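Worksheet: one structure, shown below.
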Amino acid sequence: MSPALIAALPFLGAALPALLIRTGRNNAASVSAVITGLALLGLLLHLPTVLAGGVVESRIDWLPWLGLNINFWIDGLGMLFATLILGIGLLIILYARYYLSNKDPVGQFYTYLLLFQGAMVGIVLSDNILLLLIFWELTSLSSFLLIGYWKHLPAGRQGARMALTVTGLGGLSMIAGMLILGNIVGSYDISEILKHKDAIQASPMYLPALLLILGGAFTKSAQFPFHFWLPRAMAAPTPVSAYLHSATMVKAGLFLMARMWPVLSGTPEWFYIVAGVGLITMLIAAKIAIFKHDMKALLAYSTVSHLGLITFMLGLGTQAGALAAVFHIINHATFKAALFMSAGIVDHEAGTRDLTRVSGLRKLMPITFVIATIAALSMAGIPYFNGFLSKEMMLEAAAHTAFLGNDWIVPALATLAALFSATYAFRFISHAFFGPVSKDMPQTPHDPVFGMWFSPAFLTVLVVAIGVFPMAVAGPYVQMATNAVVGGGYHMHTLKIWHGLTPALIMSVIAVTGGLLFLAAHAPLQRLWDATPRPDAKVIFDWIVAQVQSASDWITQGLHNGAMARYLMLFTLASVGAGLYAFTTGTLGAQTRALTPVNGAAITAWLLLLTAAVCIVALHHNRILALVLIGIVGLTVSMSFIYLSAPDLALTQISVEVVTAVLMLLALNFLPKVTRIESSRFKISFDVMLSVFAGVAVSGLIYALLMRDFAFAPMSGYMLDNSYNLAGGDNVVNVILVDFRGYDTYGEITVLGIAALVIFALTETLLQGASSRKLIAWRPDVARGGDKHPLILLIVTRVMMPIALVVGLYIFLRGHNEPGGGFIAGLVVAIALVTQYMASGFAWTQARQKVYYHVLIASGVLVAGITGAGAFFNDMPFLTSDFGYFKLPGLEKFELATAAGFDLGVFLGVVGSVMLALGGLSRLARRAAMGEQDGEEGAHIAAEKPEARVLAPLAAGPYPPEAKVPRRWWSTARAAQEATKSERDQVHENKVKNKEEDH
Amino acid sequence: MEVLVSSAIGVLTAAGIYMILRLRSFPVVIGMSLLSYAVNVFLFATGRLVVNQPPILREGVTSYTDPIPQALVLTAIVISFGMTAVVVMLALGAFIEAGDDRIDLDESEGDQ
């Protein structure tokens, strides 16, 4: 199986447990196990190759120009770690099946677990540091999900956050370090980087890169002073702790140090930082572990301590150190995962895992007792268990290590750490399993089902097997991985239990004896410990987080204080400043164009525009007046477009003007009609100055532009030359829109459609809940016109409707060759429709409007898209148009172009968008009218048939008997009454609904 | 002619900026409309001012104005309508929800 597939399998399978959980927990667990098992099988098929010293690779170029390639390889180190990850993963999947309760979302758990597993396998098999970094971050994220799996527990959430913060920050630091490393070598492939030891260590960037990378490794592997997150992460379910916090994730940091060992180690910096930190961590964490009552907390600190041990070994930079590190990685994973699972079993069965509350479990749960005791003795470093072997190696290496020229300090500290380690291991056994049976346990424990104790039992079998026959069971693996760590050419001596009377053995004896003595003296020591004040990492961490948060709050609040006027002012100021800088530092070429002559009409238009603009500023407090004035500006602009040879623009602008005016009026229906003067005199004068300055700048810029010829030949020459030949159209602007720049237009109508849908969504929101009630309660703030649907307007608009549609059709059809086209035709037709709504009322028109505007927008985009895709049949790129000339009897020769289909899409899109946007506002107005006393209800009926106008007041109640109306009007009246009733019911329903929503 | 057009663009810009610096949503919308005019005419004018040479191909005519700015501005006009409509709708929604059309948040609202 390809290494890439091995890494991808857990990700690919991650969705399955979440889906299969509906068929039961067994299926979710089984499918996870099958996926993990497949990946493990695929991995182990490569074992012979890798054991023989080979490397299995799979390479996929992803972004080669960034050096980011999907390169995977399996070398000895990767093989070791991947086996641990997948093998222990299998055991954990089995264990978790029985550990998690019925109430836990088990499917989610397995999905998270598989995601995590994939990320871990990705880390250890990546042959590209950028790819490794991606997986590295993925482990942080997926472990966050796993630690916080019990979302209802605050400790779980806080622990997950803390873990994510610490490991996430470490990840960032590592990214920086890795990028430096890649930069020195010129490649991001690990196999390549590993060949450049001398270049890296000679580089002045070596120390920064080392520190940054170690920042990532130390945080991930919980090394001092970042060790505090690991015990807090114990709030996770025990399978997670056993998997992430003993066997896999915390070892990712170690993996990284081992991976980079060939190029980074061997320098004094490496030795003092890595070995120093490892030693301190080993010592401090072991000491804390002695005094923890929570079995998992004890194990967590013990894990930190053992990780320190491995770091210490890697830090030595010797082959013996690397060997000890690799061997201890294996041993620690086996006994610590077993211990965590045992602690989980105790917790699961007894309801508590507090060492002061449980005792005497030896009699109640013998199987668990045996498992936990073997694993703990291995942790204490007792012979014939695997922990002894690697601890001996550590002590042996420590005995020969001088620190700052001092020969005895390292061996002494190492022995002390081993002593502490023995102490907590003995305490774990004696306090939990020996002594009288505790009466303080929430429930009487007994051994769990086979499925739950199988996994830790399997691991303890390994513990013993490696402990007794180290060379036969683990030898080849250790040789293979150590060879990879030291960069090849390594030949291991036989792993043995008995080396004779070495210094290490003496240190070991001291440690174990001391451990037993400390255990005997545990009670007074514990009292002393409890009485000693010491810093609480969580308090410090929370304090730092709070400081950072308040600092970022301060910056954010300072910059984004919610005052939009200030943002806009600063934005304008910045733009003007940038322009001013460009103006003062740049140069201006000579004028090359003469002024175009001016006539009276142009000056009149200019005066009109200026007056209108100034009046808007001066009189904008009267909002309706401002609308009228802005209409004048718009019309003047349209006229200027005609004069300046842009007929298409003029047509577009003038029709948009109409639609915008309607839109603004509809909005102003609700908004206040008057803007009060709120700005201070200072703000007003400052704003005037700023805007005048900006105006002068902009007009200077465009004037300079207008007085000079194009710096380069414009590409419009091509379009003018080829508009007819290539696209068969005379109107070059339209041809550009539907043909040359069809992609732009396609995007354009899509955006327009999206805008309309946004408006629709906003309307829907406003028509619900509190805002709907506000609308119903809304009263007009100005006197309404007397007649809602004036008869003359009604008749004229209806007569005009067909004419307007024909005009729209005409404009559409001529568009390719004369001013016009889909945009303008769409706007014209939209205006024709809008007038119907205005004259006859929303409901009346809507009832006769058979097409949904949503559909219109969608079909517009679709028609344009399909037309464009039609080019594929001609083996041409998307949106290439075709055209031809046809002759039908009785007609002149005429042209058919596929671009017309595209233009039809534009047309439909524009009509739909404009109508949907305006419709939204009308619906708000209609909701508001529902609450009016004299009733908007009958209005649409009145508009439908003029005679109903007479009946409208009658429709509100029972007809007075004396009402004299023509007989044929009665049917209308009845219809009016029914319509009114249903409308009222709807209002009532809405009210009821709103009330319910409130509750 | 160039003087007229560039000064008109300047006046529209100035008026637009002044209006968007106001404190209520409606004047800001008006200001944005004014700025849209200014920007559209600016873009259009980058094709230089040409009288009586519309870019519509005719027999025997050889010189036309630059059609590209026109095509750009045509879509810009339509899009600015869409944008105005969205902004108006937002302003309206904010007014209905809050009962107030101020564009600045109060001090007390700033934290949310």
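By order of appearance in the structure tokens: chains A, B, ..., then residues from 1 within every chain, and ligands from 1 in the order shown.
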
Leaving out segment 7-22 of chain B and any residue of its chain fewer than 6 positions from it, which residues lie within 8 Å of it when counting only C-alpha atoms, given as a CSV table (one decimal) with C-alpha atoms, in the first residue's frame?
chain,number,residue,atom,x,y,z
A,565,ALA,CA,-18.6,57.8,10.3
A,566,ARG,CA,-15.1,57.7,11.8
A,568,LEU,CA,-15.2,56.4,6.6
A,569,MET,CA,-13.4,59.6,7.6
A,572,THR,CA,-11.0,59.1,3.1
A,606,TRP,CA,-22.8,71.8,-15.8
A,609,LEU,CA,-25.3,69.6,-12.0
A,610,LEU,CA,-23.3,71.9,-9.7
A,613,ALA,CA,-24.9,68.8,-5.9
A,614,VAL,CA,-24.4,71.9,-3.8
A,616,ILE,CA,-28.0,68.3,-1.9
A,617,VAL,CA,-25.3,69.1,0.6
A,679,SER,CA,-22.8,67.2,13.9
A,687,ASP,CA,-15.9,67.3,6.9
A,688,VAL,CA,-16.3,70.2,4.4
A,690,LEU,CA,-11.9,67.1,3.8
A,691,SER,CA,-14.4,66.6,1.1
A,692,VAL,CA,-13.5,69.7,-0.7
A,693,PHE,CA,-9.9,68.6,-0.6
A,694,ALA,CA,-10.8,65.2,-1.9
A,695,GLY,CA,-12.9,66.7,-4.6
A,696,VAL,CA,-10.2,69.0,-5.8
A,697,ALA,CA,-7.8,66.1,-5.8
A,698,VAL,CA,-10.1,63.9,-7.9
A,699,SER,CA,-10.8,66.6,-10.3
A,700,GLY,CA,-7.1,67.5,-10.7
B,28,VAL,CA,-24.9,58.1,3.7
B,29,VAL,CA,-26.9,56.2,1.0
B,30,ILE,CA,-27.3,59.5,-0.9
B,31,GLY,CA,-23.6,60.1,-0.5
B,32,MET,CA,-22.8,56.7,-2.0
B,33,SER,CA,-25.1,57.4,-4.9
B,34,LEU,CA,-23.2,60.7,-5.5
B,35,LEU,CA,-19.9,58.9,-5.3
B,37,TYR,CA,-21.9,59.0,-10.2
B,38,ALA,CA,-18.5,60.5,-9.7
B,39,VAL,CA,-16.7,57.2,-10.1
B,41,VAL,CA,-18.1,59.5,-14.9
B,42,PHE,CA,-14.5,59.3,-13.9

Write out as a VMD selection string each polymer residue whose atoms come within 8 Å of Arg798 of chain A, counting only C-alpha atoms; drop sequence neighbours fewer than 4 positions from it. chain A and resid 794 802 836

Apply DSSP to the backbone of this structure and, from segment 9-95 of chain B, keep only the residues in helix (DSSP H, G or I); write these as a PDB file with N, CA and C atoms, in the first residue's frame.
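Output file states.pdb is given in full below:
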ATOM      1  N   ILE B   9     -16.877  66.245 -11.830  1.00  0.00           N
ATOM      2  CA  ILE B   9     -16.504  65.036 -11.080  1.00  0.00           C
ATOM      3  C   ILE B   9     -16.035  65.422  -9.689  1.00  0.00           C
ATOM      4  N   GLY B  10     -15.232  66.481  -9.621  1.00  0.00           N
ATOM      5  CA  GLY B  10     -14.736  66.924  -8.313  1.00  0.00           C
ATOM      6  C   GLY B  10     -15.869  67.315  -7.396  1.00  0.00           C
ATOM      7  N   VAL B  11     -16.827  68.063  -7.928  1.00  0.00           N
ATOM      8  CA  VAL B  11     -17.942  68.513  -7.088  1.00  0.00           C
ATOM      9  C   VAL B  11     -18.769  67.316  -6.614  1.00  0.00           C
ATOM     10  N   LEU B  12     -19.011  66.375  -7.528  1.00  0.00           N
ATOM     11  CA  LEU B  12     -19.777  65.184  -7.141  1.00  0.00           C
ATOM     12  C   LEU B  12     -19.026  64.409  -6.052  1.00  0.00           C
ATOM     13  N   THR B  13     -17.708  64.293  -6.217  1.00  0.00           N
ATOM     14  CA  THR B  13     -16.923  63.573  -5.206  1.00  0.00           C
ATOM     15  C   THR B  13     -17.013  64.281  -3.864  1.00  0.00           C
ATOM     16  N   ALA B  14     -16.803  65.579  -3.892  1.00  0.00           N
ATOM     17  CA  ALA B  14     -16.815  66.322  -2.642  1.00  0.00           C
ATOM     18  C   ALA B  14     -18.169  66.186  -1.960  1.00  0.00           C
ATOM     19  N   ALA B  15     -19.242  66.378  -2.750  1.00  0.00           N
ATOM     20  CA  ALA B  15     -20.582  66.269  -2.160  1.00  0.00           C
ATOM     21  C   ALA B  15     -20.804  64.859  -1.619  1.00  0.00           C
ATOM     22  N   GLY B  16     -20.354  63.861  -2.396  1.00  0.00           N
ATOM     23  CA  GLY B  16     -20.537  62.474  -1.969  1.00  0.00           C
ATOM     24  C   GLY B  16     -19.801  62.204  -0.672  1.00  0.00           C
ATOM     25  N   ILE B  17     -18.557  62.651  -0.582  1.00  0.00           N
ATOM     26  CA  ILE B  17     -17.778  62.380   0.633  1.00  0.00           C
ATOM     27  C   ILE B  17     -18.395  63.105   1.822  1.00  0.00           C
ATOM     28  N   TYR B  18     -18.801  64.338   1.598  1.00  0.00           N
ATOM     29  CA  TYR B  18     -19.419  65.049   2.706  1.00  0.00           C
ATOM     30  C   TYR B  18     -20.643  64.285   3.206  1.00  0.00           C
ATOM     31  N   MET B  19     -21.420  63.772   2.268  1.00  0.00           N
ATOM     32  CA  MET B  19     -22.654  63.089   2.675  1.00  0.00           C
ATOM     33  C   MET B  19     -22.365  61.755   3.366  1.00  0.00           C
ATOM     34  N   ILE B  20     -21.330  61.038   2.925  1.00  0.00           N
ATOM     35  CA  ILE B  20     -21.111  59.757   3.609  1.00  0.00           C
ATOM     36  C   ILE B  20     -20.528  59.971   4.995  1.00  0.00           C
ATOM     37  N   SER B  25     -28.263  57.000   8.249  1.00  0.00           N
ATOM     38  CA  SER B  25     -28.064  56.098   7.112  1.00  0.00           C
ATOM     39  C   SER B  25     -28.513  56.713   5.790  1.00  0.00           C
ATOM     40  N   PHE B  26     -29.602  57.480   5.810  1.00  0.00           N
ATOM     41  CA  PHE B  26     -30.112  57.959   4.517  1.00  0.00           C
ATOM     42  C   PHE B  26     -29.124  58.885   3.813  1.00  0.00           C
ATOM     43  N   PRO B  27     -28.582  59.895   4.512  1.00  0.00           N
ATOM     44  CA  PRO B  27     -27.591  60.733   3.833  1.00  0.00           C
ATOM     45  C   PRO B  27     -26.394  59.923   3.354  1.00  0.00           C
ATOM     46  N   VAL B  28     -26.029  58.880   4.099  1.00  0.00           N
ATOM     47  CA  VAL B  28     -24.892  58.073   3.665  1.00  0.00           C
ATOM     48  C   VAL B  28     -25.227  57.372   2.351  1.00  0.00           C
ATOM     49  N   VAL B  29     -26.465  56.865   2.241  1.00  0.00           N
ATOM     50  CA  VAL B  29     -26.860  56.223   0.985  1.00  0.00           C
ATOM     51  C   VAL B  29     -26.821  57.236  -0.148  1.00  0.00           C
ATOM     52  N   ILE B  30     -27.347  58.441   0.107  1.00  0.00           N
ATOM     53  CA  ILE B  30     -27.300  59.496  -0.911  1.00  0.00           C
ATOM     54  C   ILE B  30     -25.850  59.783  -1.292  1.00  0.00           C
ATOM     55  N   GLY B  31     -24.994  59.852  -0.277  1.00  0.00           N
ATOM     56  CA  GLY B  31     -23.583  60.120  -0.541  1.00  0.00           C
ATOM     57  C   GLY B  31     -22.969  59.046  -1.407  1.00  0.00           C
ATOM     58  N   MET B  32     -23.358  57.789  -1.139  1.00  0.00           N
ATOM     59  CA  MET B  32     -22.805  56.712  -1.954  1.00  0.00           C
ATOM     60  C   MET B  32     -23.302  56.797  -3.387  1.00  0.00           C
ATOM     61  N   SER B  33     -24.555  57.210  -3.558  1.00  0.00           N
ATOM     62  CA  SER B  33     -25.055  57.393  -4.928  1.00  0.00           C
ATOM     63  C   SER B  33     -24.241  58.468  -5.632  1.00  0.00           C
ATOM     64  N   LEU B  34     -24.001  59.578  -4.935  1.00  0.00           N
ATOM     65  CA  LEU B  34     -23.229  60.657  -5.549  1.00  0.00           C
ATOM     66  C   LEU B  34     -21.827  60.174  -5.911  1.00  0.00           C
ATOM     67  N   LEU B  35     -21.237  59.410  -4.983  1.00  0.00           N
ATOM     68  CA  LEU B  35     -19.897  58.891  -5.280  1.00  0.00           C
ATOM     69  C   LEU B  35     -19.932  57.940  -6.471  1.00  0.00           C
ATOM     70  N   SER B  36     -21.022  57.152  -6.569  1.00  0.00           N
ATOM     71  CA  SER B  36     -21.131  56.251  -7.731  1.00  0.00           C
ATOM     72  C   SER B  36     -21.148  57.053  -9.021  1.00  0.00           C
ATOM     73  N   TYR B  37     -21.925  58.127  -9.034  1.00  0.00           N
ATOM     74  CA  TYR B  37     -21.915  58.974 -10.230  1.00  0.00           C
ATOM     75  C   TYR B  37     -20.511  59.436 -10.540  1.00  0.00           C
ATOM     76  N   ALA B  38     -19.845  59.959  -9.498  1.00  0.00           N
ATOM     77  CA  ALA B  38     -18.507  60.511  -9.703  1.00  0.00           C
ATOM     78  C   ALA B  38     -17.572  59.443 -10.269  1.00  0.00           C
ATOM     79  N   VAL B  39     -17.626  58.258  -9.658  1.00  0.00           N
ATOM     80  CA  VAL B  39     -16.708  57.200 -10.100  1.00  0.00           C
ATOM     81  C   VAL B  39     -17.053  56.755 -11.516  1.00  0.00           C
ATOM     82  N   ASN B  40     -18.351  56.604 -11.792  1.00  0.00           N
ATOM     83  CA  ASN B  40     -18.745  56.171 -13.139  1.00  0.00           C
ATOM     84  C   ASN B  40     -18.295  57.168 -14.189  1.00  0.00           C
ATOM     85  N   VAL B  41     -18.526  58.448 -13.927  1.00  0.00           N
ATOM     86  CA  VAL B  41     -18.130  59.454 -14.919  1.00  0.00           C
ATOM     87  C   VAL B  41     -16.612  59.490 -15.036  1.00  0.00           C
ATOM     88  N   PHE B  42     -15.945  59.309 -13.894  1.00  0.00           N
ATOM     89  CA  PHE B  42     -14.480  59.282 -13.918  1.00  0.00           C
ATOM     90  C   PHE B  42     -13.993  58.167 -14.838  1.00  0.00           C
ATOM     91  N   LEU B  43     -14.536  56.970 -14.598  1.00  0.00           N
ATOM     92  CA  LEU B  43     -14.134  55.823 -15.423  1.00  0.00           C
ATOM     93  C   LEU B  43     -14.427  56.079 -16.891  1.00  0.00           C
ATOM     94  N   PHE B  44     -15.626  56.603 -17.130  1.00  0.00           N
ATOM     95  CA  PHE B  44     -16.030  56.883 -18.501  1.00  0.00           C
ATOM     96  C   PHE B  44     -15.053  57.869 -19.135  1.00  0.00           C
ATOM     97  N   ALA B  45     -14.655  58.889 -18.360  1.00  0.00           N
ATOM     98  CA  ALA B  45     -13.797  59.931 -18.907  1.00  0.00           C
ATOM     99  C   ALA B  45     -12.390  59.429 -19.195  1.00  0.00           C
ATOM    100  N   PRO B  67     -14.664  52.289 -26.758  1.00  0.00           N
ATOM    101  CA  PRO B  67     -15.863  51.620 -26.218  1.00  0.00           C
ATOM    102  C   PRO B  67     -15.637  50.920 -24.876  1.00  0.00           C
ATOM    103  N   ILE B  68     -14.385  50.636 -24.527  1.00  0.00           N
ATOM    104  CA  ILE B  68     -14.176  49.793 -23.339  1.00  0.00           C
ATOM    105  C   ILE B  68     -14.646  50.470 -22.047  1.00  0.00           C
ATOM    106  N   PRO B  69     -14.240  51.739 -21.804  1.00  0.00           N
ATOM    107  CA  PRO B  69     -14.755  52.362 -20.573  1.00  0.00           C
ATOM    108  C   PRO B  69     -16.276  52.365 -20.542  1.00  0.00           C
ATOM    109  N   GLN B  70     -16.889  52.520 -21.707  1.00  0.00           N
ATOM    110  CA  GLN B  70     -18.354  52.531 -21.744  1.00  0.00           C
ATOM    111  C   GLN B  70     -18.919  51.196 -21.286  1.00  0.00           C
ATOM    112  N   ALA B  71     -18.324  50.123 -21.795  1.00  0.00           N
ATOM    113  CA  ALA B  71     -18.822  48.802 -21.399  1.00  0.00           C
ATOM    114  C   ALA B  71     -18.636  48.593 -19.905  1.00  0.00           C
ATOM    115  N   LEU B  72     -17.478  49.030 -19.413  1.00  0.00           N
ATOM    116  CA  LEU B  72     -17.228  48.870 -17.974  1.00  0.00           C
ATOM    117  C   LEU B  72     -18.247  49.658 -17.166  1.00  0.00           C
ATOM    118  N   VAL B  73     -18.462  50.907 -17.580  1.00  0.00           N
ATOM    119  CA  VAL B  73     -19.349  51.765 -16.806  1.00  0.00           C
ATOM    120  C   VAL B  73     -20.785  51.267 -16.890  1.00  0.00           C
ATOM    121  N   LEU B  74     -21.155  50.704 -18.042  1.00  0.00           N
ATOM    122  CA  LEU B  74     -22.542  50.224 -18.176  1.00  0.00           C
ATOM    123  C   LEU B  74     -22.845  49.180 -17.103  1.00  0.00           C
ATOM    124  N   THR B  75     -21.943  48.218 -16.978  1.00  0.00           N
ATOM    125  CA  THR B  75     -22.200  47.215 -15.940  1.00  0.00           C
ATOM    126  C   THR B  75     -22.070  47.828 -14.555  1.00  0.00           C
ATOM    127  N   ALA B  76     -21.149  48.798 -14.427  1.00  0.00           N
ATOM    128  CA  ALA B  76     -20.979  49.429 -13.108  1.00  0.00           C
ATOM    129  C   ALA B  76     -22.266  50.126 -12.679  1.00  0.00           C
ATOM    130  N   ILE B  77     -22.952  50.740 -13.627  1.00  0.00           N
ATOM    131  CA  ILE B  77     -24.198  51.431 -13.279  1.00  0.00           C
ATOM    132  C   ILE B  77     -25.206  50.425 -12.732  1.00  0.00           C
ATOM    133  N   VAL B  78     -25.326  49.302 -13.444  1.00  0.00           N
ATOM    134  CA  VAL B  78     -26.318  48.310 -13.016  1.00  0.00           C
ATOM    135  C   VAL B  78     -25.935  47.721 -11.661  1.00  0.00           C
ATOM    136  N   ILE B  79     -24.652  47.423 -11.514  1.00  0.00           N
ATOM    137  CA  ILE B  79     -24.203  46.856 -10.241  1.00  0.00           C
ATOM    138  C   ILE B  79     -24.383  47.852  -9.114  1.00  0.00           C
ATOM    139  N   SER B  80     -24.120  49.126  -9.388  1.00  0.00           N
ATOM    140  CA  SER B  80     -24.264  50.078  -8.285  1.00  0.00           C
ATOM    141  C   SER B  80     -25.726  50.196  -7.884  1.00  0.00           C
ATOM    142  N   PHE B  81     -26.631  49.940  -8.836  1.00  0.00           N
ATOM    143  CA  PHE B  81     -28.029  49.868  -8.411  1.00  0.00           C
ATOM    144  C   PHE B  81     -28.227  48.718  -7.432  1.00  0.00           C
ATOM    145  N   GLY B  82     -27.683  47.549  -7.789  1.00  0.00           N
ATOM    146  CA  GLY B  82     -27.828  46.394  -6.896  1.00  0.00           C
ATOM    147  C   GLY B  82     -27.251  46.678  -5.531  1.00  0.00           C
ATOM    148  N   MET B  83     -26.074  47.328  -5.531  1.00  0.00           N
ATOM    149  CA  MET B  83     -25.420  47.633  -4.256  1.00  0.00           C
ATOM    150  C   MET B  83     -26.257  48.625  -3.449  1.00  0.00           C
ATOM    151  N   THR B  84     -26.743  49.662  -4.137  1.00  0.00           N
ATOM    152  CA  THR B  84     -27.581  50.635  -3.434  1.00  0.00           C
ATOM    153  C   THR B  84     -28.785  49.943  -2.818  1.00  0.00           C
ATOM    154  N   ALA B  85     -29.389  49.035  -3.599  1.00  0.00           N
ATOM    155  CA  ALA B  85     -30.582  48.361  -3.084  1.00  0.00           C
ATOM    156  C   ALA B  85     -30.256  47.577  -1.822  1.00  0.00           C
ATOM    157  N   VAL B  86     -29.119  46.878  -1.818  1.00  0.00           N
ATOM    158  CA  VAL B  86     -28.751  46.109  -0.624  1.00  0.00           C
ATOM    159  C   VAL B  86     -28.521  47.040   0.553  1.00  0.00           C
ATOM    160  N   VAL B  87     -27.797  48.129   0.301  1.00  0.00           N
ATOM    161  CA  VAL B  87     -27.503  49.058   1.401  1.00  0.00           C
ATOM    162  C   VAL B  87     -28.789  49.665   1.947  1.00  0.00           C
ATOM    163  N   VAL B  88     -29.681  50.035   1.038  1.00  0.00           N
ATOM    164  CA  VAL B  88     -30.947  50.615   1.474  1.00  0.00           C
ATOM    165  C   VAL B  88     -31.704  49.615   2.339  1.00  0.00           C
ATOM    166  N   MET B  89     -31.674  48.378   1.879  1.00  0.00           N
ATOM    167  CA  MET B  89     -32.396  47.354   2.621  1.00  0.00           C
ATOM    168  C   MET B  89     -31.779  47.152   4.005  1.00  0.00           C
ATOM    169  N   LEU B  90     -30.457  47.165   4.069  1.00  0.00           N
ATOM    170  CA  LEU B  90     -29.783  47.030   5.367  1.00  0.00           C
ATOM    171  C   LEU B  90     -30.143  48.199   6.273  1.00  0.00           C
ATOM    172  N   ALA B  91     -30.106  49.395   5.686  1.00  0.00           N
ATOM    173  CA  ALA B  91     -30.423  50.585   6.473  1.00  0.00           C
ATOM    174  C   ALA B  91     -31.846  50.494   7.003  1.00  0.00           C
ATOM    175  N   LEU B  92     -32.721  50.028   6.138  1.00  0.00           N
ATOM    176  CA  LEU B  92     -34.124  49.920   6.527  1.00  0.00           C
ATOM    177  C   LEU B  92     -34.293  48.880   7.631  1.00  0.00           C
ATOM    178  N   GLY B  93     -33.643  47.747   7.424  1.00  0.00           N
ATOM    179  CA  GLY B  93     -33.726  46.701   8.438  1.00  0.00           C
ATOM    180  C   GLY B  93     -33.203  47.193   9.771  1.00  0.00           C
ATOM    181  N   ALA B  94     -32.056  47.887   9.742  1.00  0.00           N
ATOM    182  CA  ALA B  94     -31.488  48.403  10.980  1.00  0.00           C
ATOM    183  C   ALA B  94     -32.449  49.388  11.634  1.00  0.00           C
ATOM    184  N   PHE B  95     -33.075  50.205  10.792  1.00  0.00           N
ATOM    185  CA  PHE B  95     -33.996  51.192  11.355  1.00  0.00           C
ATOM    186  C   PHE B  95     -35.195  50.504  12.006  1.00  0.00           C
TER     187      PHE B  95
END

Contacts of segment 487-497 of chain A at 6 Å (only C-alpha atoms; same-chain gap of 5+ positions) as a PyMOL selection string: chain A and resi 262+470-471+479

Nearby residues (only C-alpha atoms) at most 10 Å from Thr139 of chain A, same-chain spacing under 6 positions excluded, as number ranges by chain: A: 115-123, 133, 145, 164, 167-168, 220, 244, 249, 252

Neighbours of segment 903-913 of chain A within 6 Å (only C-alpha atoms; same-chain residues fewer than 3 positions away dropped), as a ChimeraX atom specification? /A:753,756,822-823,826,830,853,856-857,860-861,863-864,900,916

For Gly728 of chain A: contacts at 12 Å, only C-alpha atoms, fewer than 5 positions along chain excluded, given as a PyMOL selection string: (chain A and resi 719-723+734-736+738-740+815-817+881-885+894-900) or (chain B and resi 57)

Give me, as a ChimeraX atom specification, all polymer residues having an atom no more than 10 Å from Ala324 of chain A, counting only C-alpha atoms and skipping those fewer than 6 positions away in the same chain. /A:309-310,312-314,318,389-397,478,482
